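Student: This structure is in structure tokens; I'll ask about it shortly.
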Amino acid sequence: MIRSLHRWPGLIAAAFLILLAVTGTALSVFPALETVTSSQASAQQNVAELAALVQAQHPTVEQIKRAPTGKITVWWFDGNTPASAVVDPASGKDLGTTDPNRFEQWLINLHRSLFLNDNGRMVTAAAALAMLVLSVSGGLLVMRRVGGWRRWFARLRGPWEGRIHSEMARVAMPFLLVSAVTALWMTASTFSLLPDDSAYASFPSQTSGQTGFDVAQMAGLQSLPVSQLRDLTFPAAGDATDVFTLTTDRGMGYLDQGTGAMLAWSDNGPWAQLGEWIYLLHTGQGAAVWGLLLGLMALSIPGLAITGALSWAKARRGRPALRGMAAASKAQTLILVGSEGGSTWGFATTLAKNLQAAGQSVHMAALNSFAPDRYRHAERIVVMTATWGEGTAPSSAKRALERLAEATPTVPMTVLGFGDSSFPDFCGFATSFEAAARAKGWDLILPEQRIDRGSPQEFARWGQAFGEKIGLALELHHQPSAPKAQALTLLSRRDYGEAVQAPAAILRFALPKTSLWARLIGRGMRFQAGDLLGIVPQGARIPRYYSLASASANGFVEIVARKHPGGLCSGQLMALQPGDSVQAFLRPNPDFHPDRGTTPLILIGAGTGIGPLAGFIRSQGNRRPLHLWFGARHPDTDLFYGQELAEWSENGQLAGLTTAFSRSGKRHYVQDALRQDGETLRELIQLGARIMVCGGRDMAAGVQQALTEVLAPLGLTAASLKSEGRYAEDVY
């Protein structure tokens with residue numbers, strides 16, 4: 001509901017909101033320029049002094065006005081000709097013309113009414129209402145994504161479009177909310193939809209009938225600082241019944257021109273006072289810095305519109321269309337999908353089509369939509385879900401456990417998990433969902449099954465077992481859609497490990513050539529160290545993933561690979577020679593990127609796990625202390641990046657370097673080195689250090705155990721650091 005409330009106003013009103021944002025940003029500059037270029041009255045100067053100075057220069061003065069920016073404008077008659085000028089409050093002398101800035105006036109008319117008068121004001125008000133809805137719903141979605149307002153600035157993960165959208169939203173949202181509310185208020189005021197309690201003092205019925213009292217001696221003007229003045233209108237020359245009319249930020253009144261006495265006064269009511277603040281907050285008139293900040297935040301609207309539209313389009317592309325899909329209330333089988341990258345939707349579509357061919361009515365939807373009370377004709381529910389990160393829900397299933405907890409068990413359910421068994425939390429979310437369903441009392445058609453690395457064979461076997469349980473013959477021949485790969489040409493290779501029968505290499509590929517337009521629209525190859533490079537080996541459709549040791553800014557793609565016995569992909573990689581090519585694609589891995597802080601960074605790796613860690617050292621430069629603990633077999637055969645490590649240590653990019661070799665010298669592992677350097681590690685952790693680990697699963701488990709022992713005196717463990725976002729792993 002909230003997501004739909006956020007999506008459709010944004011898509012519909014995007015063009016108007018971008019126009020209002022751009023014009024609003026441009027208009028925010030004018031108050032600042034006027035404040036800077038206008039001569040400002042001193043804090044001690046009062047209105048009596050200003051009026052006397054102006055009258056000395058222009059004896060026939062009719063009106064003095066002060067803008068919220070501090071600009072003083074005077075009108076007078078020169079004979080029978082009206083004249084005006086901007087004046088210096090310190091001397092009363094003319095500074096320049098009062099002619100309005102035509103471009104500014106054009107922008108104001110465009111921003112307020114689109115040159116369509118009242119009809120245009122109604123359109124811009126509708127756009128402001130859309131922005132209000134977007135701000136509120138966007139704030140709720142951000143809180144849902146990060147886990148509450150207390151974690152408003154927590155680290156984000158997921159596809160880049162969504163991350164950038166949320167990053168901009170959580171910074172700009174409060175300002176956009178203010179802009180929307182104040183715009184709606186000002187529109188309502190324009191159409192007289194709000195109470196009007198502006199000061200209105202009745203014109204005095206009696207005056208002294210005298211003229212000529214020295215304006216500099218009027219007590220009512222002497223007690224009023226120039227900063228509070230809005231308007232001072234002088235009495236008509238020769239009319240003894242006329243008076244001075246004074247308007248301030250608090251109200252208005254009349255002064256006798258013959259005695260200087262205040263004849264009548266009326267204060268602004270609370271609505272009028274609030275209106276003054278609303279005007280200031282929306283325009284920045286009288287608060288130049290705030291106005292510029294508001295204008296700067298308005299520039300986020302085009303970015304939010306673009307990233308929001310990209311996220312929406314990507315989500316739609318990620319959900320394959322299913323012809324003949326039944327409504328949720330009429331379907332016999334409900335297939336609910338939890339997916340991050342989109343591949344699980346492909347498996348779900350294969351199942352849905354086979355069920356339809358068997359005569360079943362099917363509804364397929366995101367797992368977030370889980371609502372059993374709506375499934376009135378359902379005979380079964382099939383949950384097919386991937387896992388993100390360390391056992392957490394993918395993007396289309398973030399609310400699934402919450403909805404499951406609120407639901408009453410109905411028809412039988414089955415859970416099918418998708419993942420990669422090389423990761424420690426293989427199908428962790430699917431396991432959590434099934435456990436929660438069991439605890440709630442749901443009947444399960446099959447115990448939880450797991451599909452490793454998108455295996456079509458495992459999926460077919462599950463389909464056969466599932467079909468037998470529900471009395472249908474299902475043959476699920478799923479052909480995963482091949483990832484959109486591109487050719488990478490090998491530039492160079494550095495070989496290691498031959499002497500210890502463990503061939504490995506640092507492989508450096510050229511960046512693929514892309515057009516300027518492709519780079520501008522974000523289709524160029526952009527990546528960071530720690531992201532994943534998917535290699536599609538010849539003769540296979542399932543990619544293998546390697547952590548990147550470079551960023552796109554380095555100008556090349558680099559990985560560290562070791563040949564595994566019988567390994568199809570590793571064997572092909574190790575056979576490459578400069579000039580040869582492989583088919584590859586990128587997969588972001590935002591959970592394994594260094595944060596933006598300046599606290600120390602502890603890097604721990606073994607073997608080919610040095611790859612992304614070397615990339616981090618390259619990219620971080622000297623902006624923060626980096627400490628590397630690296631384990632390998634032998635310094636003469638397995639010391640990846642040996643020359644670079646020495647250079648980085650010498651030039652200060654590495655504040656600390658410790659190596660451990662299992663087949664040379666002390667013959668110990670990286671976890672042993674960590675225990676020996678316990679005091680150093682504790683000091684770094686107390687300074688706020690973050691830990692990043694890359695390597696094999698056994699090594700990672702040993703590192704966790706060693707760090708738990710080392711950090712015990714501090715009352716910390718590897719698990720507690722993980723919960724604080726200070727411990728990240730990339731294991732295989």
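Chain labels run A, B, ... following the order of the structure tokens; each chain numbers its residues from 1, and ligands are numbered from 1 in the order shown.
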Counting only C-alpha atoms, what is within 9 Å of A:Thr124, bar same-chain residues fewer than 5 positions away, as a PyMOL selection string?
Tutor: chain A and resi 16-17+20+111-114+119+129+183+187
Student: Keeping C-alpha atoms, export the residues of the selection given above as a PDB file, in the first residue's frame.
Tutor:
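Output (part_20.pdb):
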ATOM      1  CA  PHE A  16       5.809  18.933 -12.950  1.00  0.00           C
ATOM      2  CA  LEU A  17       7.901  18.226  -9.865  1.00  0.00           C
ATOM      3  CA  LEU A  20       9.051  23.166  -9.903  1.00  0.00           C
ATOM      4  CA  HIS A 111       6.975  28.501 -10.665  1.00  0.00           C
ATOM      5  CA  ARG A 112       3.709  29.733  -9.138  1.00  0.00           C
ATOM      6  CA  SER A 113       1.205  29.325 -11.930  1.00  0.00           C
ATOM      7  CA  LEU A 114       2.845  28.027 -15.141  1.00  0.00           C
ATOM      8  CA  ASN A 119      -5.663  27.276 -13.210  1.00  0.00           C
ATOM      9  CA  LEU A 129       0.384  17.633  -2.827  1.00  0.00           C
ATOM     10  CA  ALA A 183       3.558  25.548  -0.940  1.00  0.00           C
ATOM     11  CA  THR A 187      -1.845  28.276  -2.305  1.00  0.00           C
TER      12      THR A 187
END
Student: Could you pull out all residues of stretch 40-257 of chain A with a DSSP call of alpha helix (DSSP H) and give them as a VMD selection string?
Tutor: chain A and resid 47 to 57 102 to 113 117 to 146 160 to 190 219 to 222
Student: Expressed in Å to a single decimal, how great is the separation between atom CA of A:Thr81 and atom CA of A:Gln63?
Tutor: 14.7 Å
Student: Applying 7 Å and only C-alpha atoms, which residues near stretch 85-93 of chain A remain after dropping the ones on its own chain fewer than 5 positions away? List them as an NGL selection string.
Tutor: :A and (39-41 or 50 or 53-54 or 57 or 72-75 or 98)
Student: Give me the residues near A:Arg663 as a PyMOL selection string, where near means some atom within 12 Å (using only C-alpha atoms) and where sequence neighbours in that chain fewer than 2 positions away do not count.
Tutor: chain A and resi 499-500+631-638+660-661+665-669
Student: Go ahead and write the residues just picked, C-alpha atoms, as an mmCIF file, in the first residue's frame.
Tutor:
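Once written, again37.cif looks like this:
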data_model
loop_
_atom_site.group_PDB
_atom_site.id
_atom_site.type_symbol
_atom_site.label_atom_id
_atom_site.label_comp_id
_atom_site.auth_asym_id
_atom_site.auth_seq_id
_atom_site.Cartn_x
_atom_site.Cartn_y
_atom_site.Cartn_z
ATOM 1 C CA ALA A 499 55.938 -24.949 -7.305
ATOM 2 C CA VAL A 500 53.418 -26.076 -4.693
ATOM 3 C CA GLY A 631 48.004 -15.854 4.857
ATOM 4 C CA ALA A 632 49.491 -17.954 2.051
ATOM 5 C CA ARG A 633 51.405 -21.193 1.561
ATOM 6 C CA HIS A 634 54.917 -20.008 0.720
ATOM 7 C CA PRO A 635 56.425 -16.517 0.309
ATOM 8 C CA ASP A 636 58.253 -17.512 -2.876
ATOM 9 C CA THR A 637 55.233 -18.956 -4.667
ATOM 10 C CA ASP A 638 52.009 -17.570 -3.182
ATOM 11 C CA ALA A 660 51.629 -15.872 7.694
ATOM 12 C CA PHE A 661 52.856 -18.851 5.635
ATOM 13 C CA GLY A 665 59.222 -20.469 8.408
ATOM 14 C CA LYS A 666 56.934 -20.663 11.455
ATOM 15 C CA ARG A 667 54.383 -22.628 9.417
ATOM 16 C CA HIS A 668 51.339 -20.901 10.811
ATOM 17 C CA TYR A 669 48.053 -19.563 9.489
#
Student: Using only C-alpha atoms, which protein or nucleic acid residues come within 10 Å of A:Arg623? Drop anything in the same chain fewer than 5 positions from it, and give the result as a compact mmCIF listing (two decimals) with C-alpha atoms, in the first residue's frame.
Tutor:
# COMPACT_ATOMS: atom_id res chain seq x y z
CA ARG A 596 33.32 6.08 3.97
CA GLY A 597 34.78 6.70 7.40
CA THR A 598 38.34 7.49 8.38
CA THR A 599 38.63 4.98 11.22
CA PRO A 600 41.17 2.15 10.78
CA GLN A 653 49.04 3.29 2.04
Student: Interatomic distance between atom CA of A:Arg587 and atom CA of A:Trp388?
Tutor: 13.2 Å
Student: Find the residue from A:Ala712, A:Leu322, A:Ala128, A:Val411 that sits nearest to A:Leu355; use only C-alpha atoms when measuring.
Tutor: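 Counting only C-alpha atoms, the residue closest to A:Leu355 is A:Leu322.
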